[in-house]
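S.K.: Can you read through this structure? Questions will come right after.
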Amino acid sequence: MSVIPIALQMYTVRDYTAKDFGGTMAKVAEIGYEAVELAGDGGLPAAEMKKLLDDNGLKCIGSHTGFEQLEADPQPAIDYNLTIGNPYVVIPWLGEEYRGDANGWKAMGARFAAIGEKVKAAGLTLCYHNHDFEFKVEEDGVPGLDLLYANADPSLLQVELDTFWVKAGGKNPADYVTKYADRAPLIHIKDMKAEKVDFTEVGTGIMDFPAIFEAGKDGIVKAWIVEQDRCDRDPMESIAISYANIKKLLGR
């Protein structure tokens with residue numbers, strides 16, 4: 001079995017990339033991360049982004065692109081991601097107007113699949129990244145997240161499972177990793193404070209990562225992606241702590 005790379009969702013260090021995208025990428029690589037997931041390109045042309053990745057020995061394992069942009073015209077995102085060598089185009093969020101009830105989630109499955117057809121035709125894969133609001137709507141006990149995926153063919157829509165938000169939504173993250181083991185190439189690894197639903201460095205909170213990693217070991221996981229939406233300390237310090245701890249948790 002090949003070793004699943006440890007990646008960083010670059011949103012974590014957005015304050016740094018806003019000032020120096022290239023320098024930030026170099027620091028991420030220096031810490032030891034093997035791959036990154038983009039949350040914006042800093043205005044860099046695709047060829048320049050590809051060179052930046054190559055110069056730092058990094059792979060791009062995913063890139064977040066808004067739903068409206070993709071539904072209107074996915075081609076710019078397709079072209080950019082093909083150039084930088086990123087296989088996964090990820091929808092990171094849905095506005096409230098799309099997710100009011102169970103029928104809304106079912107309808108989004110079909111709309112995502114329509115985008116996924118075009119993404120697949122180009123040789124890429126569409127994924128959706130969850131938060132906790134997907135678990136606030138249910139139909140016969142089935143959460144909105146599951147209604148979404150049930151209404152899109154797996155070949156057209158894959159799973160980027162955010163384990164923190166699964167737990168915040170009242171579900172067991174390891175169970176969801178197991179449930180979507182054959183459909184979830186990207187797993188977000190972020191920890192939760194003991195005292196409240198808030199973010200902390202990997203390995204310093206209450207998330208049961210051994211169970212999550214065990215659940216994903218026989219699946220199609222292509223990257224464990226560290227993300228911390230908010231940091232109490234300097235984000236660079238936070239991602240270094242998370243990297244060291246996730247390596248220990250994975251026994252590397």
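Labels for the structure tokens follow display order: chains A, B, ..., residues from 1 in each chain, ligands from 1.
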Using DSSP on the backbone, list every residue of range 7-232 of chain A that comes out as alpha helix (DSSP H), and give them as number ranges by chain.

M.R.: A: 14-17, 21-31, 46-55, 67-72, 75-84, 102-121, 144-150, 163-168, 173-179, 209-216

S.K.: Find the residues around Asp79 in chain A up to 10 Å (only C-alpha atoms counted), leave out those fewer than 4 positions away in its own chain, and share them as a PDB file with N, CA and C atoms, in the first residue's frame.

M.R.:
```pdb
ATOM      1  N   ALA A  46      -1.494  29.994 -14.317  1.00  0.00           N
ATOM      2  CA  ALA A  46      -1.327  28.559 -14.085  1.00  0.00           C
ATOM      3  C   ALA A  46       0.111  28.095 -14.269  1.00  0.00           C
ATOM      4  N   PRO A  74     -17.297  26.001 -16.276  1.00  0.00           N
ATOM      5  CA  PRO A  74     -16.212  25.290 -15.587  1.00  0.00           C
ATOM      6  C   PRO A  74     -14.886  25.302 -16.342  1.00  0.00           C
ATOM      7  N   GLN A  75     -14.882  25.740 -17.591  1.00  0.00           N
ATOM      8  CA  GLN A  75     -13.692  25.596 -18.420  1.00  0.00           C
ATOM      9  C   GLN A  75     -12.459  26.318 -17.871  1.00  0.00           C
ATOM     10  N   THR A  83      -3.307  22.414 -16.073  1.00  0.00           N
ATOM     11  CA  THR A  83      -1.956  22.950 -16.216  1.00  0.00           C
ATOM     12  C   THR A  83      -1.109  22.710 -14.981  1.00  0.00           C
ATOM     13  N   ILE A  84      -1.707  22.856 -13.793  1.00  0.00           N
ATOM     14  CA  ILE A  84      -0.917  22.702 -12.570  1.00  0.00           C
ATOM     15  C   ILE A  84      -0.841  21.249 -12.105  1.00  0.00           C
ATOM     16  N   ALA A 122     -12.888  16.162 -19.017  1.00  0.00           N
ATOM     17  CA  ALA A 122     -11.553  16.753 -19.146  1.00  0.00           C
ATOM     18  C   ALA A 122     -10.485  15.933 -18.432  1.00  0.00           C
TER      19      ALA A 122
END
```

S.K.: Quick one: residues within 8 Å of range 133-137 of chain A, only C-alpha atoms, excluding same-chain residues fewer than 5 positions away - as a list in words?

M.R.: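 So, after excluding close chain neighbours, the residues are Arg99, Gly100, Asp101, Ala102, Pro143, Gly144, Leu145, Gly169 and Gly170 of chain A.
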
S.K.: Let's have the selection written as a short mmCIF file (atom, residue, chain, number, x, y, z; two decimals), in the first residue's frame, with C-alpha atoms.

M.R.:
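File written: out-v8.cif
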```cif
data_model
loop_
_atom_site.label_atom_id
_atom_site.label_comp_id
_atom_site.auth_asym_id
_atom_site.auth_seq_id
_atom_site.Cartn_x
_atom_site.Cartn_y
_atom_site.Cartn_z
CA ARG A 99 -29.92 24.01 0.86
CA GLY A 100 -33.17 24.93 2.57
CA ASP A 101 -34.74 21.46 2.65
CA ALA A 102 -34.33 17.86 1.60
CA PRO A 143 -29.03 13.90 6.40
CA GLY A 144 -28.74 16.41 3.60
CA LEU A 145 -25.15 15.38 2.87
CA GLY A 169 -22.87 18.18 12.80
CA GLY A 170 -23.45 15.51 15.45
#
```

S.K.: CA of Lys193 in chain A and CA of Met207 in chain A, how far apart in Å?

M.R.: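 Value for the CA of Met207 in chain A-CA of Lys193 in chain A distance: 8.6 Å.
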
S.K.: Using DSSP assignments from the backbone, pull out every residue in range 144-224 of chain A that falls under strand (DSSP E) and give it to me as an MDAnalysis selection string.

M.R.: chainID A and resid 158:162 186:189 191:192 199:200 223:224

S.K.: Record the distance separating CA of Glu34 in chain A and CA of Gly57 in chain A, expressed in Å with one decimal.

M.R.: 7.3 Å

S.K.: Would you compute the distance between CA of Val142 in chain A and CA of Phe209 in chain A? Give it in Å to one decimal.

M.R.: 24.8 Å

S.K.: Listing only residues of range 110-179 of chain A within 12 Å of range 224-244 of chain A, what is the closest atom pair and its distance in Å (to one decimal) for each, using only C-alpha atoms, sorted by chain and residue number ascending, as a Markdown table?

M.R.:
```
| residue | atom | partner | partner_atom | distance |
| --- | --- | --- | --- | --- |
| A:His129 | CA | A:Ile225 | CA | 11.9 |
| A:His131 | CA | A:Asp229 | CA | 11.7 |
| A:Glu160 | CA | A:Ile225 | CA | 9.7 |
| A:Leu161 | CA | A:Ile225 | CA | 9.9 |
| A:Asp162 | CA | A:Ile225 | CA | 9.1 |
| A:Thr163 | CA | A:Ile225 | CA | 10.4 |
| A:Phe164 | CA | A:Glu227 | CA | 9.7 |
| A:Trp165 | CA | A:Asp229 | CA | 11.2 |
| A:Val177 | CA | A:Trp224 | CA | 11.8 |
```
